[in-house]
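To start, the structure under review is shown below, and the notes come after it.
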Amino acid sequence: MSEREPLSVVVTTLDNADTLDACLRGVSWADEIVVLDSGSTDATTAIAAHYGARIHTQPFAGYSAQKQAAIDLASHRWVLLLDSDESLEPDAAALLQQALRMPVHAGYQLWRREWQFWRWQSRRSRLNHYVRLFDRQRARMSDHEVHEEVQVDGSVGVLDVVIDHYGEPDIAGRVAKANRYSGMQLDDLARRKVTWLRLRMVVYPTVAFLRYYVLRGHWRSGWAGFIAARIHAFYAFLKYAKLYESRQRRD
(Lines give C-alpha, C1' and ligand atoms only; values in the text may rest on other atoms or scores of the structure.)
Protein backbone atom coordinates (compact mmCIF):
# COMPACT_ATOMS: atom_id res chain seq x y z
CA MET A 1 0.00 0.00 0.00
CA SER A 2 1.42 3.37 -1.02
CA GLU A 3 2.26 6.00 1.55
CA ARG A 4 -0.16 8.88 1.86
CA GLU A 5 0.56 12.56 1.30
CA PRO A 6 1.49 14.32 4.59
CA LEU A 7 -1.35 16.47 5.92
CA SER A 8 -1.50 19.84 7.69
CA VAL A 9 -4.69 20.56 9.62
CA VAL A 10 -5.36 24.30 9.80
CA VAL A 11 -7.68 25.97 12.34
CA THR A 12 -8.31 29.64 13.17
CA THR A 13 -9.36 30.41 16.74
CA LEU A 14 -10.61 33.06 19.14
CA ASP A 15 -11.83 31.98 22.59
CA ASN A 16 -12.97 28.56 21.39
CA ALA A 17 -12.12 26.48 24.45
CA ASP A 18 -15.62 24.97 24.54
CA THR A 19 -15.26 23.26 21.14
CA LEU A 20 -11.55 23.12 20.25
CA ASP A 21 -10.77 19.93 22.17
CA ALA A 22 -13.29 17.93 20.12
CA CYS A 23 -12.04 19.60 16.94
CA LEU A 24 -8.38 18.67 17.47
CA ARG A 25 -8.99 15.25 19.02
CA GLY A 26 -10.44 14.03 15.72
CA VAL A 27 -7.36 15.10 13.74
CA SER A 28 -4.64 14.19 16.23
CA TRP A 29 -3.35 11.64 13.69
CA ALA A 30 -2.40 14.39 11.19
CA ASP A 31 1.25 15.17 10.47
CA GLU A 32 0.82 18.76 11.60
CA ILE A 33 -1.77 20.94 13.29
CA VAL A 34 -1.54 24.70 12.71
CA VAL A 35 -3.59 27.03 14.91
CA LEU A 36 -3.75 30.74 14.09
CA ASP A 37 -5.20 32.52 17.10
CA SER A 38 -6.62 36.05 17.24
CA GLY A 39 -5.80 36.74 20.89
CA SER A 40 -7.79 34.24 22.97
CA THR A 41 -8.11 34.89 26.69
CA ASP A 42 -9.57 31.49 27.63
CA ALA A 43 -7.94 28.04 27.46
CA THR A 44 -7.88 27.90 23.65
CA THR A 45 -4.10 28.03 23.21
CA ALA A 46 -3.53 25.61 26.09
CA ILE A 47 -5.80 23.09 24.40
CA ALA A 48 -3.98 23.60 21.10
CA ALA A 49 -0.63 23.08 22.83
CA HIS A 50 -1.95 19.85 24.39
CA TYR A 51 -2.40 18.45 20.88
CA GLY A 52 1.06 19.55 19.79
CA ALA A 53 -0.18 22.29 17.49
CA ARG A 54 2.07 24.99 16.07
CA ILE A 55 0.43 28.10 17.49
CA HIS A 56 0.69 31.49 15.81
CA THR A 57 -1.02 34.73 16.75
CA GLN A 58 -2.16 37.70 14.68
CA PRO A 59 -5.05 40.18 14.94
CA PHE A 60 -8.23 39.09 13.19
CA ALA A 61 -8.02 40.20 9.55
CA GLY A 62 -11.47 39.06 8.41
CA TYR A 63 -12.70 35.51 7.92
CA SER A 64 -11.20 34.92 4.49
CA ALA A 65 -7.88 36.68 5.07
CA GLN A 66 -7.38 35.02 8.46
CA LYS A 67 -7.95 31.56 7.03
CA GLN A 68 -5.63 32.25 4.09
CA ALA A 69 -2.94 33.41 6.52
CA ALA A 70 -3.33 30.17 8.45
CA ILE A 71 -3.14 28.10 5.26
CA ASP A 72 0.06 29.91 4.29
CA LEU A 73 1.61 28.79 7.60
CA ALA A 74 1.16 25.10 6.77
CA SER A 75 4.29 23.06 6.14
CA HIS A 76 2.68 20.47 3.89
CA ARG A 77 1.11 20.71 0.46
CA TRP A 78 -2.17 19.06 1.45
CA VAL A 79 -4.35 20.93 3.93
CA LEU A 80 -7.49 20.07 5.86
CA LEU A 81 -9.24 23.32 6.84
CA LEU A 82 -11.54 23.18 9.86
CA ASP A 83 -13.41 25.76 11.92
CA SER A 84 -12.77 25.60 15.65
CA ASP A 85 -16.43 24.64 16.28
CA GLU A 86 -16.27 21.66 13.91
CA SER A 87 -15.23 18.07 14.55
CA LEU A 88 -14.86 15.00 12.36
CA GLU A 89 -16.96 11.90 12.81
CA PRO A 90 -15.07 8.74 13.92
CA ASP A 91 -14.73 7.12 10.48
CA ALA A 92 -13.30 10.28 8.89
CA ALA A 93 -9.63 9.53 9.61
CA ALA A 94 -9.54 6.33 7.55
CA LEU A 95 -11.42 7.92 4.64
CA LEU A 96 -9.15 10.98 4.57
CA GLN A 97 -6.01 8.89 4.78
CA GLN A 98 -7.23 6.71 1.93
CA ALA A 99 -7.90 9.75 -0.26
CA LEU A 100 -4.41 11.09 0.47
CA ARG A 101 -2.70 7.90 -0.71
CA MET A 102 -3.42 8.67 -4.35
CA PRO A 103 -5.15 12.07 -4.68
CA VAL A 104 -6.85 12.34 -8.07
CA HIS A 105 -8.33 15.82 -7.54
CA ALA A 106 -6.95 19.21 -6.51
CA GLY A 107 -9.55 19.45 -3.76
CA TYR A 108 -12.30 17.48 -2.04
CA GLN A 109 -15.65 18.50 -0.66
CA LEU A 110 -16.73 17.19 2.74
CA TRP A 111 -20.28 17.08 4.08
CA ARG A 112 -21.33 19.14 7.11
CA ARG A 113 -24.07 18.36 9.63
CA GLU A 114 -25.48 21.28 11.63
CA TRP A 115 -26.41 21.49 15.28
CA GLN A 116 -29.86 23.10 15.49
CA PHE A 117 -30.32 24.56 18.97
CA TRP A 118 -31.09 21.32 20.87
CA ARG A 119 -30.56 18.57 18.28
CA TRP A 120 -28.63 17.61 15.19
CA GLN A 121 -30.31 18.20 11.86
CA SER A 122 -31.97 15.08 10.53
CA ARG A 123 -29.66 12.83 8.52
CA ARG A 124 -32.46 12.63 5.96
CA SER A 125 -32.25 16.40 5.40
CA ARG A 126 -29.76 17.79 2.91
CA LEU A 127 -26.24 18.31 4.24
CA ASN A 128 -24.16 21.20 2.95
CA HIS A 129 -20.80 20.37 1.40
CA TYR A 130 -17.64 22.46 1.21
CA VAL A 131 -14.10 22.10 -0.12
CA ARG A 132 -12.04 21.44 3.01
CA LEU A 133 -9.30 19.05 1.87
CA PHE A 134 -7.10 20.53 -0.85
CA ASP A 135 -3.70 20.99 -2.43
CA ARG A 136 -2.80 24.46 -1.18
CA GLN A 137 -0.57 25.06 -4.21
CA ARG A 138 -3.72 24.91 -6.35
CA ALA A 139 -6.23 26.57 -4.04
CA ARG A 140 -6.94 29.87 -2.32
CA MET A 141 -9.63 31.44 -0.15
CA SER A 142 -12.20 33.62 -1.90
CA ASP A 143 -12.31 37.32 -1.04
CA HIS A 144 -15.86 37.33 0.37
CA GLU A 145 -16.34 39.08 3.71
CA VAL A 146 -18.57 36.23 4.89
CA HIS A 147 -19.45 32.82 3.43
CA GLU A 148 -15.85 32.61 2.28
CA GLU A 149 -14.90 29.42 0.44
CA VAL A 150 -11.89 27.57 -0.89
CA GLN A 151 -11.48 28.15 -4.62
CA VAL A 152 -9.61 25.34 -6.37
CA ASP A 153 -7.68 25.50 -9.64
CA GLY A 154 -8.43 21.99 -10.83
CA SER A 155 -10.96 19.20 -10.40
CA VAL A 156 -12.92 18.75 -7.18
CA GLY A 157 -14.10 15.42 -5.77
CA VAL A 158 -16.48 14.52 -2.95
CA LEU A 159 -15.57 12.34 0.03
CA ASP A 160 -18.09 10.52 2.19
CA VAL A 161 -16.78 12.36 5.25
CA VAL A 162 -19.08 14.25 7.63
CA ILE A 163 -18.05 17.26 9.71
CA ASP A 164 -20.19 18.00 12.77
CA HIS A 165 -20.68 21.76 13.09
CA TYR A 166 -21.78 23.04 16.49
CA GLY A 167 -22.11 26.68 15.41
CA GLU A 168 -24.39 28.82 17.55
CA PRO A 169 -25.81 26.74 20.42
CA ASP A 170 -29.06 28.69 20.83
CA ILE A 171 -31.59 30.88 19.05
CA ALA A 172 -30.12 34.12 20.44
CA GLY A 173 -26.70 33.23 19.03
CA ARG A 174 -28.14 32.35 15.62
CA VAL A 175 -30.07 35.64 15.44
CA ALA A 176 -26.99 37.61 16.51
CA LYS A 177 -24.97 35.89 13.77
CA ALA A 178 -27.65 36.74 11.18
CA ASN A 179 -27.47 40.38 12.25
CA ARG A 180 -23.66 40.42 12.18
CA TYR A 181 -23.26 38.60 8.86
CA SER A 182 -25.91 40.65 7.09
CA GLY A 183 -24.00 43.82 7.99
CA MET A 184 -20.69 42.35 6.88
CA GLN A 185 -22.16 41.49 3.48
CA LEU A 186 -22.90 45.11 2.57
CA ASP A 187 -19.65 45.64 0.67
CA ASP A 188 -20.03 42.39 -1.27
CA LEU A 189 -23.62 43.25 -2.21
CA ALA A 190 -22.65 46.81 -3.17
CA ARG A 191 -20.00 45.49 -5.58
CA ARG A 192 -22.63 43.29 -7.23
CA LYS A 193 -24.87 46.34 -7.79
CA VAL A 194 -27.98 44.47 -6.67
CA THR A 195 -31.23 45.72 -8.26
CA TRP A 196 -34.95 45.43 -7.40
CA LEU A 197 -34.18 45.79 -3.69
CA ARG A 198 -37.74 46.48 -2.51
CA LEU A 199 -39.03 43.45 -4.39
CA ARG A 200 -36.23 41.33 -2.96
CA MET A 201 -37.12 42.40 0.58
CA VAL A 202 -40.73 41.29 0.00
CA VAL A 203 -40.20 38.08 -1.97
CA TYR A 204 -36.79 36.64 -1.18
CA PRO A 205 -37.31 35.85 2.54
CA THR A 206 -40.21 33.55 1.61
CA VAL A 207 -38.15 31.93 -1.13
CA ALA A 208 -35.25 31.44 1.28
CA PHE A 209 -37.56 29.88 3.88
CA LEU A 210 -39.12 27.41 1.43
CA ARG A 211 -35.73 26.48 -0.03
CA TYR A 212 -34.27 25.82 3.42
CA TYR A 213 -37.30 24.21 5.06
CA VAL A 214 -38.83 22.25 2.19
CA LEU A 215 -36.26 21.64 -0.55
CA ARG A 216 -33.36 21.00 1.85
CA GLY A 217 -35.60 18.87 4.03
CA HIS A 218 -35.18 20.65 7.36
CA TRP A 219 -38.86 19.99 8.04
CA ARG A 220 -37.58 16.54 9.06
CA SER A 221 -35.86 18.16 12.06
CA GLY A 222 -39.14 19.16 13.70
CA TRP A 223 -39.49 22.54 15.39
CA ALA A 224 -35.73 23.03 15.46
CA GLY A 225 -35.70 22.89 11.67
CA PHE A 226 -38.67 25.28 11.46
CA ILE A 227 -37.01 27.85 13.73
CA ALA A 228 -33.71 27.57 11.85
CA ALA A 229 -35.56 28.13 8.57
CA ARG A 230 -37.32 31.22 9.95
CA ILE A 231 -34.01 32.71 11.10
CA HIS A 232 -32.50 31.90 7.70
CA ALA A 233 -35.36 33.81 6.05
CA PHE A 234 -34.85 36.71 8.46
CA TYR A 235 -31.18 36.81 7.47
CA ALA A 236 -32.19 36.92 3.79
CA PHE A 237 -34.43 39.90 4.59
CA LEU A 238 -31.84 41.70 6.72
CA LYS A 239 -29.05 41.72 4.15
CA TYR A 240 -31.26 43.41 1.53
CA ALA A 241 -32.92 45.72 4.07
CA LYS A 242 -29.52 46.94 5.25
CA LEU A 243 -28.38 47.49 1.68
CA TYR A 244 -31.58 49.47 1.01
CA GLU A 245 -30.97 51.52 4.17
CA SER A 246 -27.38 52.30 3.17
CA ARG A 247 -28.52 53.53 -0.25
CA GLN A 248 -31.22 55.70 1.29
CA ARG A 249 -28.70 57.27 3.66
CA ARG A 250 -26.24 57.83 0.79
CA ASP A 251 -28.92 59.44 -1.41
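Ordering of the C-alpha coordinates sets the chain letters (A, B, ...), residue numbers begin anew at 1 in every chain, and ligands are numbered from 1 in the order given.
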
So that I can check the surroundings of stretch 37-43 of chain A, please list as number ranges by chain every protein, DNA and RNA residue that reaches within 7 Å of it, counting only C-alpha atoms and ignoring chain neighbours fewer than 5 positions away.
A: 12-15, 17, 56-60

Give one line per residue of stretch 127-171 of chain A that approaches stretch 65-87 of chain A to at most 10 Å, naming the two atoms of the closest pair and their distance in Å to one decimal, counting only C-alpha atoms; sort by chain then ascending residue number and deliver it as JSON lines.
{"residue": "A:Val131", "atom": "CA", "partner": "A:Leu81", "partner_atom": "CA", "distance": 8.6}
{"residue": "A:Arg132", "atom": "CA", "partner": "A:Leu81", "partner_atom": "CA", "distance": 5.1}
{"residue": "A:Leu133", "atom": "CA", "partner": "A:Leu80", "partner_atom": "CA", "distance": 4.5}
{"residue": "A:Phe134", "atom": "CA", "partner": "A:Val79", "partner_atom": "CA", "distance": 5.5}
{"residue": "A:Asp135", "atom": "CA", "partner": "A:Trp78", "partner_atom": "CA", "distance": 4.6}
{"residue": "A:Arg136", "atom": "CA", "partner": "A:Arg77", "partner_atom": "CA", "distance": 5.7}
{"residue": "A:Gln137", "atom": "CA", "partner": "A:Arg77", "partner_atom": "CA", "distance": 6.6}
{"residue": "A:Arg138", "atom": "CA", "partner": "A:Arg77", "partner_atom": "CA", "distance": 9.3}
{"residue": "A:Ala139", "atom": "CA", "partner": "A:Ile71", "partner_atom": "CA", "distance": 9.9}
{"residue": "A:Arg140", "atom": "CA", "partner": "A:Gln68", "partner_atom": "CA", "distance": 7.0}
{"residue": "A:Met141", "atom": "CA", "partner": "A:Gln68", "partner_atom": "CA", "distance": 5.9}
{"residue": "A:Ser142", "atom": "CA", "partner": "A:Ala65", "partner_atom": "CA", "distance": 8.8}
{"residue": "A:Asp143", "atom": "CA", "partner": "A:Ala65", "partner_atom": "CA", "distance": 7.6}
{"residue": "A:His144", "atom": "CA", "partner": "A:Ala65", "partner_atom": "CA", "distance": 9.3}
{"residue": "A:Glu145", "atom": "CA", "partner": "A:Ala65", "partner_atom": "CA", "distance": 8.9}
{"residue": "A:Glu148", "atom": "CA", "partner": "A:Lys67", "partner_atom": "CA", "distance": 9.3}
{"residue": "A:Glu149", "atom": "CA", "partner": "A:Lys67", "partner_atom": "CA", "distance": 9.8}
{"residue": "A:Val150", "atom": "CA", "partner": "A:Leu81", "partner_atom": "CA", "distance": 9.2}
{"residue": "A:Val162", "atom": "CA", "partner": "A:Ser87", "partner_atom": "CA", "distance": 8.8}
{"residue": "A:Ile163", "atom": "CA", "partner": "A:Ser87", "partner_atom": "CA", "distance": 5.7}
{"residue": "A:Asp164", "atom": "CA", "partner": "A:Ser87", "partner_atom": "CA", "distance": 5.3}
{"residue": "A:His165", "atom": "CA", "partner": "A:Glu86", "partner_atom": "CA", "distance": 4.5}
{"residue": "A:Tyr166", "atom": "CA", "partner": "A:Asp85", "partner_atom": "CA", "distance": 5.6}
{"residue": "A:Gly167", "atom": "CA", "partner": "A:Asp85", "partner_atom": "CA", "distance": 6.1}
{"residue": "A:Glu168", "atom": "CA", "partner": "A:Asp85", "partner_atom": "CA", "distance": 9.1}

Write out as an MDAnalysis selection string the set of residues from stretch 27-85 of chain A that DSSP, computed on the backbone, places in strand (DSSP E).
chainID A and resid 32:37 54:57 78:83

Nearest to A:Ala172 by atom-to-atom distance, counting only C-alpha atoms, from A:Met102, A:Gln97, A:Ser64, A:Ile227:
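Once distances to A:Ala172 are computed over only C-alpha atoms, the minimum belongs to A:Ile227.
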
Could you pull out the residues in stretch 64-204 of chain A that DSSP calls alpha helix (DSSP H) from the backbone, as JSON, numbers by chain?
{"A": [64, 65, 66, 67, 68, 69, 70, 71, 72, 92, 93, 94, 95, 96, 97, 98, 99, 100, 101, 171, 172, 173, 174, 175, 176, 177, 178, 179, 180, 181, 182, 183, 184, 186, 187, 188, 189, 190, 191, 192, 197, 198, 199, 200, 201, 202, 203, 204]}

For atom CA of A:Ala48 and atom CA of A:Met184, determine how far apart the two atoms are, in Å to one decimal place.
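Going from atom CA of A:Ala48 over to atom CA of A:Met184 covers 28.9 Å.
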
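The closest residue to A:Asp18, picked from A:Glu5, A:Val161, A:Pro169, A:Val202 and counting only C-alpha atoms, is A:Pro169.
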
Calculated over only C-alpha atoms, which of the candidates A:Val203, A:Val9, A:Ala46, A:Ala92 has the smallest distance to A:Asp160?
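Between A:Val203, A:Val9, A:Ala46, A:Ala92, the residue approaching A:Asp160 most closely is A:Ala92.
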
Would you mind listing what lies within 7 Å of A:Gly183 as a PyMOL selection string, with only C-alpha atoms counted and same-chain residues fewer than 3 positions away left out?
chain A and resi 179-180+186+239+242

Using only C-alpha atoms, which protein or nucleic acid residues come within 8 Å of A:Gln116? Drop anything in the same chain fewer than 4 positions from it, and give the result as a list of chain:residue names.
A:Trp120, A:Gln121, A:Pro169, A:Asp170, A:Ala224, A:Gly225, A:Ala228

Residue contacts of A:Ala178 (8 Å, only C-alpha atoms) excluding same-chain residues fewer than 5 positions away, as a list in words:
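In the requested format, the answer is Ile231, His232, Phe234, Tyr235 and Leu238 of chain A.
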
Can you write out the residues you just picked, keeping N, CA and C atoms, as a CSV table (one decimal), in the first residue's frame?
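Result file is part27.csv:
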chain,number,residue,atom,x,y,z
A,231,ILE,N,-35.2,31.8,10.9
A,231,ILE,CA,-34.0,32.7,11.1
A,231,ILE,C,-33.2,32.9,9.8
A,232,HIS,N,-33.1,31.8,9.0
A,232,HIS,CA,-32.5,31.9,7.7
A,232,HIS,C,-33.2,32.9,6.8
A,234,PHE,N,-35.1,35.4,7.9
A,234,PHE,CA,-34.8,36.7,8.5
A,234,PHE,C,-33.5,37.3,8.0
A,235,TYR,N,-32.5,36.4,8.0
A,235,TYR,CA,-31.2,36.8,7.5
A,235,TYR,C,-31.3,37.3,6.0
A,238,LEU,N,-32.7,40.7,6.1
A,238,LEU,CA,-31.8,41.7,6.7
A,238,LEU,C,-30.8,42.2,5.7

Just give me the gap between atom CA of A:Ser8 and atom CA of A:Leu20 in Å, one decimal is fine.
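Rounded to one decimal, the two atoms are 16.4 Å apart.
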
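Considering the residues A:His147, A:Arg123, A:Arg54, A:His218 and counting only C-alpha atoms, A:Gln185 has its shortest atom-to-atom contact with A:His147.
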
Pick from A:Gly222, A:Pro90, A:Pro6, A:Gly62, whichever lies nearest to A:Arg119 using only C-alpha atoms:
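Closest to A:Arg119 of all the choices is A:Gly222.
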